[in-house]
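What follows is the content of target-v4.csv, which has CSV, C-alpha atoms:
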chain,number,residue,atom,x,y,z
A,1,LYS,CA,0.0,0.0,0.0
A,2,ALA,CA,1.4,3.4,-1.0
A,3,GLY,CA,2.2,5.9,1.7
A,4,VAL,CA,1.2,9.5,1.9
A,5,THR,CA,2.5,11.5,-1.1
A,6,GLN,CA,3.1,15.2,-1.3
A,7,THR,CA,3.9,17.3,-4.3
A,8,PRO,CA,6.0,19.1,-5.0
A,9,ARG,CA,8.8,18.1,-2.7
A,10,TYR,CA,10.6,21.4,-3.1
A,11,LEU,CA,9.4,24.9,-4.0
A,12,ILE,CA,11.0,28.3,-4.3
A,13,LYS,CA,8.7,31.3,-4.5
A,14,THR,CA,9.1,35.1,-4.0
A,15,ARG,CA,7.3,37.3,-1.6
A,16,GLY,CA,3.7,38.2,-2.7
A,17,GLN,CA,3.3,35.1,-4.8
A,18,GLN,CA,0.8,32.3,-4.0
A,19,VAL,CA,1.4,28.6,-3.8
A,20,THR,CA,-0.6,25.4,-3.8
A,21,LEU,CA,0.6,22.2,-2.2
A,22,SER,CA,-0.9,18.8,-2.8
A,23,CYS,CA,-1.3,15.8,-0.6
A,24,SER,CA,-2.6,12.3,-1.5
A,25,PRO,CA,-3.5,10.2,1.6
A,26,ILE,CA,-3.0,6.5,2.0
A,27,SER,CA,-5.7,4.6,0.2
A,28,GLY,CA,-8.8,4.3,2.4
A,29,HIS,CA,-7.8,7.1,4.7
A,30,ARG,CA,-10.3,9.9,4.9
A,31,SER,CA,-8.8,12.3,7.3
A,32,VAL,CA,-6.1,14.6,6.3
A,33,SER,CA,-4.2,17.1,8.5
A,34,TRP,CA,-1.6,19.7,7.6
A,35,TYR,CA,1.3,21.0,9.7
A,36,GLN,CA,3.9,23.6,9.3
A,37,GLN,CA,7.3,22.9,10.7
A,38,THR,CA,9.9,25.7,11.2
A,39,PRO,CA,13.1,25.7,13.4
A,40,GLY,CA,11.7,28.5,15.5
A,41,GLN,CA,8.1,27.4,16.0
A,42,GLY,CA,8.4,23.7,15.7
A,43,LEU,CA,5.4,21.7,14.4
A,44,GLN,CA,2.2,23.7,14.3
A,45,PHE,CA,-1.2,22.4,13.3
A,46,LEU,CA,-2.8,24.1,10.2
A,47,PHE,CA,-6.0,22.3,9.3
A,48,GLU,CA,-7.8,19.0,9.5
A,49,TYR,CA,-10.2,17.8,6.8
A,50,PHE,CA,-12.7,14.9,6.7
A,51,SER,CA,-15.3,14.3,4.0
A,52,GLU,CA,-14.4,17.4,2.1
A,53,THR,CA,-15.1,19.5,5.2
A,54,GLN,CA,-12.6,21.4,7.3
A,55,ARG,CA,-13.1,20.1,10.8
A,56,ASN,CA,-10.5,22.1,12.7
A,57,LYS,CA,-8.2,25.0,12.0
A,58,GLY,CA,-5.0,26.1,13.7
A,59,ASN,CA,-4.0,29.6,14.6
A,60,PHE,CA,-2.9,30.8,11.2
A,61,PRO,CA,-3.9,33.9,9.2
A,62,GLY,CA,-6.5,33.7,6.4
A,63,ARG,CA,-3.8,33.6,3.8
A,64,PHE,CA,-3.6,29.9,4.6
A,65,SER,CA,-6.5,27.9,3.2
A,66,GLY,CA,-7.1,24.4,2.1
A,67,ARG,CA,-9.6,22.0,0.7
A,68,GLN,CA,-10.3,18.3,0.4
A,69,PHE,CA,-11.7,16.5,-2.6
A,70,SER,CA,-14.1,13.6,-2.9
A,71,ASN,CA,-11.2,11.2,-3.3
A,72,SER,CA,-9.7,12.5,0.0
A,73,ARG,CA,-6.8,14.2,-1.7
A,74,SER,CA,-6.1,17.6,-0.2
A,75,GLU,CA,-4.6,20.8,-1.2
A,76,MET,CA,-3.4,23.8,0.8
A,77,ASN,CA,-2.9,27.3,-0.6
A,78,VAL,CA,-0.9,30.1,0.8
A,79,SER,CA,-1.5,33.5,-0.8
A,80,THR,CA,0.6,36.6,-0.6
A,81,LEU,CA,3.6,34.7,0.6
A,82,GLU,CA,5.9,36.2,3.3
A,83,LEU,CA,9.4,35.3,4.2
A,84,GLY,CA,8.2,33.7,7.4
A,85,ASP,CA,6.2,31.2,5.4
A,86,SER,CA,9.4,29.4,4.5
A,87,ALA,CA,8.9,26.0,6.2
A,88,LEU,CA,8.5,22.3,5.8
A,89,TYR,CA,4.8,21.6,5.2
A,90,LEU,CA,3.8,18.1,6.3
A,91,CYS,CA,0.6,16.3,5.5
A,92,ALA,CA,-0.7,13.4,7.5
A,93,SER,CA,-3.6,11.0,6.9
A,94,SER,CA,-5.4,8.8,9.3
A,95,LEU,CA,-8.0,6.1,8.9
A,96,ALA,CA,-10.6,7.3,11.3
A,97,PHE,CA,-12.1,10.6,12.3
A,98,GLY,CA,-13.2,12.0,15.6
A,99,VAL,CA,-11.9,9.0,17.5
A,100,VAL,CA,-9.5,9.4,20.4
A,101,GLY,CA,-7.6,6.1,20.1
A,102,ASN,CA,-4.8,4.5,18.3
A,103,ASN,CA,-5.6,6.6,15.3
A,104,GLU,CA,-2.1,7.3,14.3
A,105,GLN,CA,-1.3,9.8,11.6
A,106,PHE,CA,0.9,8.7,8.8
A,107,PHE,CA,3.0,11.5,7.5
A,108,GLY,CA,4.2,12.3,4.0
A,109,PRO,CA,7.7,13.4,3.2
A,110,GLY,CA,6.7,17.0,3.2
A,111,THR,CA,7.1,20.0,0.9
A,112,ARG,CA,9.9,22.3,1.6
A,113,LEU,CA,8.9,25.8,0.7
A,114,THR,CA,11.4,28.6,0.4
A,115,VAL,CA,10.2,32.2,0.1
A,116,LEU,CA,12.8,34.7,-1.2
B,1,ALA,CA,-4.5,25.1,27.7
B,2,GLN,CA,-2.9,22.1,26.1
B,3,LYS,CA,0.8,21.8,26.3
B,4,ILE,CA,3.5,19.3,25.6
B,5,THR,CA,7.0,19.8,27.1
B,6,GLN,CA,10.2,18.1,26.0
B,7,THR,CA,12.9,19.5,28.2
B,8,GLN,CA,15.9,17.8,26.5
B,9,PRO,CA,16.9,19.6,23.3
B,10,GLY,CA,19.7,17.1,22.7
B,11,MET,CA,20.7,13.7,24.1
B,12,PHE,CA,23.7,11.5,23.6
B,13,VAL,CA,23.7,7.7,24.1
B,14,GLN,CA,26.2,5.0,23.4
B,15,GLU,CA,25.3,2.4,20.9
B,16,LYS,CA,23.6,-0.6,22.5
B,17,GLU,CA,22.7,1.3,25.6
B,18,ALA,CA,19.2,2.4,26.6
B,19,VAL,CA,18.0,6.0,26.6
B,20,THR,CA,15.0,7.8,28.0
B,21,LEU,CA,13.5,10.8,26.3
B,22,ASP,CA,11.3,12.9,28.5
B,23,CYS,CA,7.8,14.2,27.8
B,24,THR,CA,5.3,15.9,30.1
B,25,TYR,CA,1.9,17.1,29.0
B,26,ASP,CA,-0.9,19.2,30.4
B,27,THR,CA,-4.6,18.8,29.6
B,28,SER,CA,-7.9,18.9,31.5
B,29,ASP,CA,-9.5,16.4,29.2
B,30,PRO,CA,-9.7,12.9,30.7
B,31,SER,CA,-9.6,11.3,27.3
B,32,TYR,CA,-6.5,11.8,25.2
B,33,GLY,CA,-3.8,9.9,23.3
B,34,LEU,CA,-0.1,10.3,23.5
B,35,PHE,CA,2.2,9.5,20.6
B,36,TRP,CA,5.9,9.5,19.8
B,37,TYR,CA,7.3,10.2,16.4
B,38,LYS,CA,10.8,9.9,14.9
B,39,GLN,CA,12.0,12.4,12.3
B,40,PRO,CA,15.3,11.5,10.6
B,41,SER,CA,17.2,14.0,8.6
B,42,SER,CA,15.1,13.2,5.6
B,43,GLY,CA,12.2,15.0,7.2
B,44,GLU,CA,9.6,12.3,7.2
B,45,MET,CA,7.7,11.8,10.5
B,46,ILE,CA,7.6,8.1,11.5
B,47,PHE,CA,5.1,6.9,14.0
B,48,LEU,CA,6.7,4.9,16.9
B,49,ILE,CA,4.3,4.2,19.7
B,50,TYR,CA,0.9,5.2,21.2
B,51,GLN,CA,-0.5,5.3,24.7
B,52,GLY,CA,-4.2,6.0,25.5
B,53,SER,CA,-5.1,7.9,28.6
B,54,TYR,CA,-7.2,4.9,29.8
B,55,ASP,CA,-4.7,2.3,29.0
B,56,GLN,CA,-3.6,0.5,32.2
B,57,GLN,CA,-0.4,-0.9,30.9
B,58,ASN,CA,2.6,0.9,29.4
B,59,ALA,CA,2.8,0.6,25.6
B,60,THR,CA,5.6,-1.3,24.0
B,61,GLU,CA,6.6,-1.7,20.3
B,62,GLY,CA,9.8,-3.6,19.8
B,63,ARG,CA,12.7,-1.6,21.2
B,64,TYR,CA,10.4,1.2,22.1
B,65,SER,CA,8.4,1.5,25.3
B,66,LEU,CA,6.4,4.3,26.8
B,67,ASN,CA,6.7,5.0,30.5
B,68,PHE,CA,3.3,6.4,31.2
B,69,GLN,CA,2.8,8.0,34.6
B,70,LYS,CA,-0.7,9.5,34.4
B,71,ALA,CA,-0.7,11.3,37.8
B,72,ARG,CA,2.6,13.0,36.9
B,73,LYS,CA,1.4,13.7,33.4
B,74,SER,CA,4.5,12.2,31.9
B,75,ALA,CA,5.0,9.9,28.9
B,76,ASN,CA,8.6,9.2,28.5
B,77,LEU,CA,10.0,7.2,25.6
B,78,VAL,CA,12.5,4.5,26.4
B,79,ILE,CA,14.6,3.1,23.5
B,80,SER,CA,16.5,0.0,24.4
B,81,ALA,CA,19.7,-1.2,22.7
B,82,SER,CA,20.2,2.0,20.8
B,83,GLN,CA,21.4,1.7,17.2
B,84,LEU,CA,23.2,4.2,15.0
B,85,GLY,CA,20.0,4.5,12.9
B,86,ASP,CA,18.2,5.8,15.9
B,87,SER,CA,19.9,9.2,15.6
B,88,ALA,CA,17.1,11.6,14.8
B,89,MET,CA,14.7,14.1,16.2
B,90,TYR,CA,12.0,12.6,18.4
B,91,PHE,CA,8.7,14.3,19.0
B,92,CYS,CA,6.1,13.7,21.7
B,93,ALA,CA,2.5,14.5,20.7
B,94,MET,CA,-0.9,14.6,22.3
B,95,ARG,CA,-4.3,14.3,20.7
B,96,GLU,CA,-7.7,14.9,22.2
B,97,GLY,CA,-11.1,15.0,20.7
B,98,LEU,CA,-13.1,18.2,20.1
B,99,ILE,CA,-16.7,17.9,21.1
B,100,ASN,CA,-17.9,20.8,19.0
B,101,THR,CA,-16.6,19.5,15.7
B,102,GLY,CA,-16.1,15.8,16.4
B,103,GLY,CA,-12.6,16.2,15.1
B,104,PHE,CA,-9.4,16.0,17.0
B,105,LYS,CA,-6.4,18.2,17.6
B,106,THR,CA,-2.8,17.1,17.8
B,107,ILE,CA,-0.1,19.2,19.4
B,108,PHE,CA,3.6,18.4,19.3
B,109,GLY,CA,6.5,19.1,21.7
B,110,ALA,CA,9.6,20.9,20.6
B,111,GLY,CA,11.5,17.7,20.1
B,112,THR,CA,14.6,16.0,21.3
B,113,ARG,CA,17.6,15.4,19.1
B,114,LEU,CA,19.1,12.0,19.8
B,115,PHE,CA,22.7,11.3,18.9
B,116,VAL,CA,23.8,7.7,19.0
B,117,LYS,CA,27.6,7.2,19.4
B,118,ALA,CA,29.4,4.2,18.0

Let me see the file written as structure tokens.
Amino acid sequence: KAGVTQTPRYLIKTRGQQVTLSCSPISGHRSVSWYQQTPGQGLQFLFEYFSETQRNKGNFPGRFSGRQFSNSRSEMNVSTLELGDSALYLCASSLAFGVVGNNEQFFGPGTRLTVL
Amino acid sequence: AQKITQTQPGMFVQEKEAVTLDCTYDTSDPSYGLFWYKQPSSGEMIFLIYQGSYDQQNATEGRYSLNFQKARKSANLVISASQLGDSAMYFCAMREGLINTGGFKTIFGAGTRLFVKA
């Protein structure tokens, strides 16, 4: 069974541009979460999607948005990029939703975004 | 407020010895899950072990075990017989359910970088 895939793996953009990152979860997984990882802030939760609906959102500005498609694939978009948006963006999928249990999240390799 | 604390920014261990990575958490929710992840230099997060708040026994997965002390709100990871390939960042995480949305939220600690010496 294929793991979580993220595209692209690396991305270089300039300030003011916008970017779209893609995540394909493990087959059968319906829950997708996004995280931003930076040396200064560590791992921070961005969004959680299930059944094409955003179920939870972290403390990020409105420039960060996302969506989930009917096949559970998810995209996140960052508009008007700032230097501080440079980070590793990790996507994770899990089988179940709304269950506090051994519902481990399987992570993709991440997309490393550099904003110049 | 939820909080995960990993007080050891870096740890050294001799190959084949055991090492304990500390994690303390804070939550008022009686139902939660605790996880440990490993992140090698490649960047991918690898799930290691899980402990539920209602689990009576400490979780074990191969060379990994979780020393769960609920009253002290600690969930330390023990790696036995360290290997060179264990050198990586290790993150402790906590997840709890959100009643209003039926979703869940996971927060991560700052991580501990483990160096295994030959």

Produce a table with one row for each residue of chain A that has an atom at most 10 Å from any atom of stretch 35-39 of chain B, each row naming the nearest atom pair and its distance in Å at one decimal; use all atoms listed in the file; arrange rows by chain and rising residue number; format as JSON lines.
{"residue": "A:Asn102", "atom": "CA", "partner": "B:Phe35", "partner_atom": "CA", "distance": 8.9}
{"residue": "A:Asn103", "atom": "CA", "partner": "B:Phe35", "partner_atom": "CA", "distance": 9.9}
{"residue": "A:Glu104", "atom": "CA", "partner": "B:Phe35", "partner_atom": "CA", "distance": 7.9}
{"residue": "A:Gln105", "atom": "CA", "partner": "B:Phe35", "partner_atom": "CA", "distance": 9.7}
{"residue": "A:Phe107", "atom": "CA", "partner": "B:Tyr37", "partner_atom": "CA", "distance": 10.0}

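Residues in contact with A:Ser72 at up to 9 Å, not including ones fewer than 2 positions away on its chain and judged by only C-alpha atoms, are Ser24, Pro25, Ser27, Gly28, His29, Arg30, Ser31, Val32, Tyr49, Phe50, Ser51, Glu52, Gln68, Phe69, Ser70 and Ser74 of chain A.
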
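Taking all atoms listed in the file into account, B:Leu66 lies nearest to B:Gln51 out of the set B:Gln51, B:Ser31, B:Ser80, B:Pro40.
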
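Here the residues that fall within 10 Å of (28.8, 7.8, 20.8), using all atoms listed in the file, are given as Phe12, Val13, Gln14, Glu15, Leu84, Phe115, Val116, Lys117 and Ala118 of chain B.
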
Could you produce a table of the residues of chain A lying within 10 Å of chain B, with the nearest pair of atoms per residue and their separation in Å rounded to one decimal, using all atoms listed in the file, ordered by chain and increasing residue number, as CSV?
residue,atom,partner,partner_atom,distance
A:Ser31,CA,B:Gly103,CA,9.5
A:Ser33,CA,B:Thr106,CA,9.4
A:Tyr35,CA,B:Thr106,CA,9.9
A:Gln37,CA,B:Gly43,CA,9.9
A:Pro39,CA,B:Ala110,CA,9.3
A:Gly40,CA,B:Ala110,CA,9.4
A:Gln41,CA,B:Ala110,CA,8.1
A:Gly42,CA,B:Ala110,CA,5.8
A:Leu43,CA,B:Phe108,CA,6.2
A:Gln44,CA,B:Ile107,CA,7.2
A:Phe45,CA,B:Ile107,CA,7.0
A:Phe47,CA,B:Lys105,CA,9.3
A:Glu48,CA,B:Gly103,CA,7.9
A:Tyr49,CA,B:Gly103,CA,8.8
A:Phe50,CA,B:Gly103,CA,8.5
A:Gln54,CA,B:Gly103,CA,9.4
A:Arg55,CA,B:Gly103,CA,5.8
A:Asn56,CA,B:Gly103,CA,6.7
A:Lys57,CA,B:Lys105,CA,9.0
A:Gly58,CA,B:Lys105,CA,8.9
A:Leu88,CA,B:Gly43,CA,8.3
A:Leu90,CA,B:Glu44,CA,8.3
A:Cys91,CA,B:Met45,CA,9.8
A:Ala92,CA,B:Met45,CA,9.1
A:Ala96,CA,B:Gly103,CA,9.9
A:Phe97,CA,B:Gly103,CA,6.3
A:Gly98,CA,B:Gly103,CA,4.3
A:Val99,CA,B:Gly97,CA,6.8
A:Val100,CA,B:Gly97,CA,5.8
A:Gly101,CA,B:Gly33,CA,6.3
A:Asn102,CA,B:Tyr50,CA,6.4
A:Asn103,CA,B:Gly33,CA,8.8
A:Glu104,CA,B:Phe47,CA,7.2
A:Gln105,CA,B:Phe47,CA,7.4
A:Phe106,CA,B:Phe47,CA,6.9
A:Phe107,CA,B:Met45,CA,5.6
A:Gly108,CA,B:Glu44,CA,6.3
A:Pro109,CA,B:Glu44,CA,4.6
A:Gly110,CA,B:Glu44,CA,6.8
A:Thr111,CA,B:Gly43,CA,9.5
A:Arg112,CA,B:Gly43,CA,9.5

Report task. Please identify all polymer residues within 9 Å of B:Glu17, counting all atoms listed in the file, omitting same-chain residues fewer than 5 positions from it, and present them as number ranges by chain. Result -> B: 79-83

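In this structure, atom CA of A:Ile12 sits 13.1 Å away from atom CA of A:Val78.
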
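The spacing separating atom CA of A:Leu83 from atom CA of A:Val115 amounts to 5.2 Å.
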
Report task. Please provide the set of residues having any atom within 10 Å of A:Pro8, restricted to all atoms listed in the file, with same-chain residues fewer than 3 positions apart removed, written as number ranges by chain. Result -> A: 5, 11, 20-23, 110-113

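Of note, atom CA of B:Gln8 and atom CA of B:Asn67 are spaced 16.3 Å apart.
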
Tell me which protein, DNA and RNA residues are within 8 Å of A:Ile26, counting only C-alpha atoms, leaving out same-chain ones fewer than 4 positions away, and put them as a CSV table (one decimal) with C-alpha atoms, in the frame of the given file.
chain,number,residue,atom,x,y,z
A,1,LYS,CA,0.0,0.0,0.0
A,2,ALA,CA,1.4,3.4,-1.0
A,3,GLY,CA,2.2,5.9,1.7
A,4,VAL,CA,1.2,9.5,1.9
A,93,SER,CA,-3.6,11.0,6.9

Report task. For stretch 70-75 of chain B, please output as number ranges by chain all residues within 6 Å (counting all atoms listed in the file; exclusion window: fewer than 3 positions along the same chain). Result -> B: 23-25, 67

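With distances restricted to all atoms listed in the file, A:Thr114 is the closest residue to A:Arg9 from A:Thr114, A:Ser79, A:Asn71, A:Ser65.
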
**Report entry** Top pick for closest residue to A:Thr7, considering A:Glu75, A:Arg63, A:Trp34, A:Ala87 and counting all atoms listed in the file
**Finding:** A:Glu75

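All residues that come within 6 Å of the coordinates (11.9, 9.0, 28.0), counting only C-alpha atoms, are given as Thr20, Leu21, Asp22, Asn76, Leu77 and Val78 of chain B.
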
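Nearest to B:Ala18 of all the residues B:Ala59, B:Tyr64, B:Arg113, B:Ala88 is B:Tyr64, based on all atoms listed in the file.
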
Reconstruct stretch 65-88 of chain B at the level of N, CA, C and O atoms, and format the result as an mmCIF file, in the frame of the given file.
data_model
loop_
_atom_site.group_PDB
_atom_site.id
_atom_site.type_symbol
_atom_site.label_atom_id
_atom_site.label_comp_id
_atom_site.auth_asym_id
_atom_site.auth_seq_id
_atom_site.Cartn_x
_atom_site.Cartn_y
_atom_site.Cartn_z
ATOM 1 N N SER B 65 9.434 1.595 24.286
ATOM 2 C CA SER B 65 8.400 1.500 25.300
ATOM 3 C C SER B 65 8.090 2.860 25.850
ATOM 4 O O SER B 65 8.912 3.775 25.787
ATOM 5 N N LEU B 66 6.881 3.001 26.318
ATOM 6 C CA LEU B 66 6.400 4.300 26.800
ATOM 7 C C LEU B 66 6.193 4.170 28.306
ATOM 8 O O LEU B 66 5.373 3.354 28.737
ATOM 9 N N ASN B 67 6.895 4.951 29.087
ATOM 10 C CA ASN B 67 6.700 5.000 30.500
ATOM 11 C C ASN B 67 5.677 6.007 30.881
ATOM 12 O O ASN B 67 5.961 7.205 30.988
ATOM 13 N N PHE B 68 4.438 5.527 31.038
ATOM 14 C CA PHE B 68 3.300 6.400 31.200
ATOM 15 C C PHE B 68 2.991 6.538 32.713
ATOM 16 O O PHE B 68 2.674 5.559 33.391
ATOM 17 N N GLN B 69 3.118 7.766 33.214
ATOM 18 C CA GLN B 69 2.800 8.000 34.600
ATOM 19 C C GLN B 69 1.722 9.126 34.597
ATOM 20 O O GLN B 69 2.009 10.333 34.555
ATOM 21 N N LYS B 70 0.481 8.666 34.660
ATOM 22 C CA LYS B 70 -0.700 9.500 34.400
ATOM 23 C C LYS B 70 -0.770 10.629 35.501
ATOM 24 O O LYS B 70 -1.068 11.787 35.181
ATOM 25 N N ALA B 71 -0.534 10.279 36.745
ATOM 26 C CA ALA B 71 -0.700 11.300 37.800
ATOM 27 C C ALA B 71 0.358 12.381 37.670
ATOM 28 O O ALA B 71 0.085 13.539 37.996
ATOM 29 N N ARG B 72 1.521 12.041 37.153
ATOM 30 C CA ARG B 72 2.600 13.000 36.900
ATOM 31 C C ARG B 72 2.467 13.677 35.566
ATOM 32 O O ARG B 72 3.243 14.567 35.229
ATOM 33 N N LYS B 73 1.531 13.181 34.761
ATOM 34 C CA LYS B 73 1.400 13.700 33.400
ATOM 35 C C LYS B 73 2.666 13.595 32.616
ATOM 36 O O LYS B 73 3.121 14.585 32.029
ATOM 37 N N SER B 74 3.264 12.426 32.661
ATOM 38 C CA SER B 74 4.500 12.200 31.900
ATOM 39 C C SER B 74 4.355 10.991 31.016
ATOM 40 O O SER B 74 3.665 10.029 31.372
ATOM 41 N N ALA B 75 5.024 11.029 29.880
ATOM 42 C CA ALA B 75 5.000 9.900 28.900
ATOM 43 C C ALA B 75 6.322 9.801 28.256
ATOM 44 O O ALA B 75 6.519 10.152 27.088
ATOM 45 N N ASN B 76 7.258 9.288 29.009
ATOM 46 C CA ASN B 76 8.600 9.200 28.500
ATOM 47 C C ASN B 76 8.838 8.018 27.588
ATOM 48 O O ASN B 76 8.306 6.932 27.804
ATOM 49 N N LEU B 77 9.627 8.243 26.562
ATOM 50 C CA LEU B 77 10.000 7.200 25.600
ATOM 51 C C LEU B 77 11.270 6.539 26.002
ATOM 52 O O LEU B 77 12.255 7.240 26.241
ATOM 53 N N VAL B 78 11.269 5.231 26.068
ATOM 54 C CA VAL B 78 12.500 4.500 26.400
ATOM 55 C C VAL B 78 12.875 3.695 25.117
ATOM 56 O O VAL B 78 12.063 2.935 24.583
ATOM 57 N N ILE B 79 14.096 3.908 24.666
ATOM 58 C CA ILE B 79 14.600 3.100 23.500
ATOM 59 C C ILE B 79 15.694 2.215 24.091
ATOM 60 O O ILE B 79 16.679 2.678 24.688
ATOM 61 N N SER B 80 15.495 0.936 23.913
ATOM 62 C CA SER B 80 16.500 0.000 24.400
ATOM 63 C C SER B 80 17.463 -0.379 23.303
ATOM 64 O O SER B 80 17.140 -0.251 22.119
ATOM 65 N N ALA B 81 18.645 -0.775 23.685
ATOM 66 C CA ALA B 81 19.700 -1.200 22.700
ATOM 67 C C ALA B 81 19.781 -0.282 21.551
ATOM 68 O O ALA B 81 19.526 -0.660 20.397
ATOM 69 N N SER B 82 20.175 0.948 21.828
ATOM 70 C CA SER B 82 20.200 2.000 20.800
ATOM 71 C C SER B 82 21.092 1.553 19.608
ATOM 72 O O SER B 82 22.116 0.886 19.766
ATOM 73 N N GLN B 83 20.650 1.984 18.430
ATOM 74 C CA GLN B 83 21.400 1.700 17.200
ATOM 75 C C GLN B 83 21.750 3.029 16.533
ATOM 76 O O GLN B 83 21.103 4.052 16.771
ATOM 77 N N LEU B 84 22.745 2.986 15.681
ATOM 78 C CA LEU B 84 23.200 4.200 15.000
ATOM 79 C C LEU B 84 22.034 4.843 14.223
ATOM 80 O O LEU B 84 21.911 6.061 14.132
ATOM 81 N N GLY B 85 21.169 4.008 13.679
ATOM 82 C CA GLY B 85 20.000 4.500 12.900
ATOM 83 C C GLY B 85 18.972 5.179 13.756
ATOM 84 O O GLY B 85 18.023 5.756 13.210
ATOM 85 N N ASP B 86 19.131 5.138 15.063
ATOM 86 C CA ASP B 86 18.200 5.800 15.900
ATOM 87 C C ASP B 86 18.464 7.309 16.047
ATOM 88 O O ASP B 86 17.653 8.068 16.597
ATOM 89 N N SER B 87 19.596 7.736 15.539
ATOM 90 C CA SER B 87 19.900 9.200 15.600
ATOM 91 C C SER B 87 18.916 9.931 14.748
ATOM 92 O O SER B 87 18.768 9.699 13.539
ATOM 93 N N ALA B 88 18.193 10.833 15.409
ATOM 94 C CA ALA B 88 17.100 11.600 14.800
ATOM 95 C C ALA B 88 16.482 12.517 15.767
ATOM 96 O O ALA B 88 16.873 12.553 16.936
#
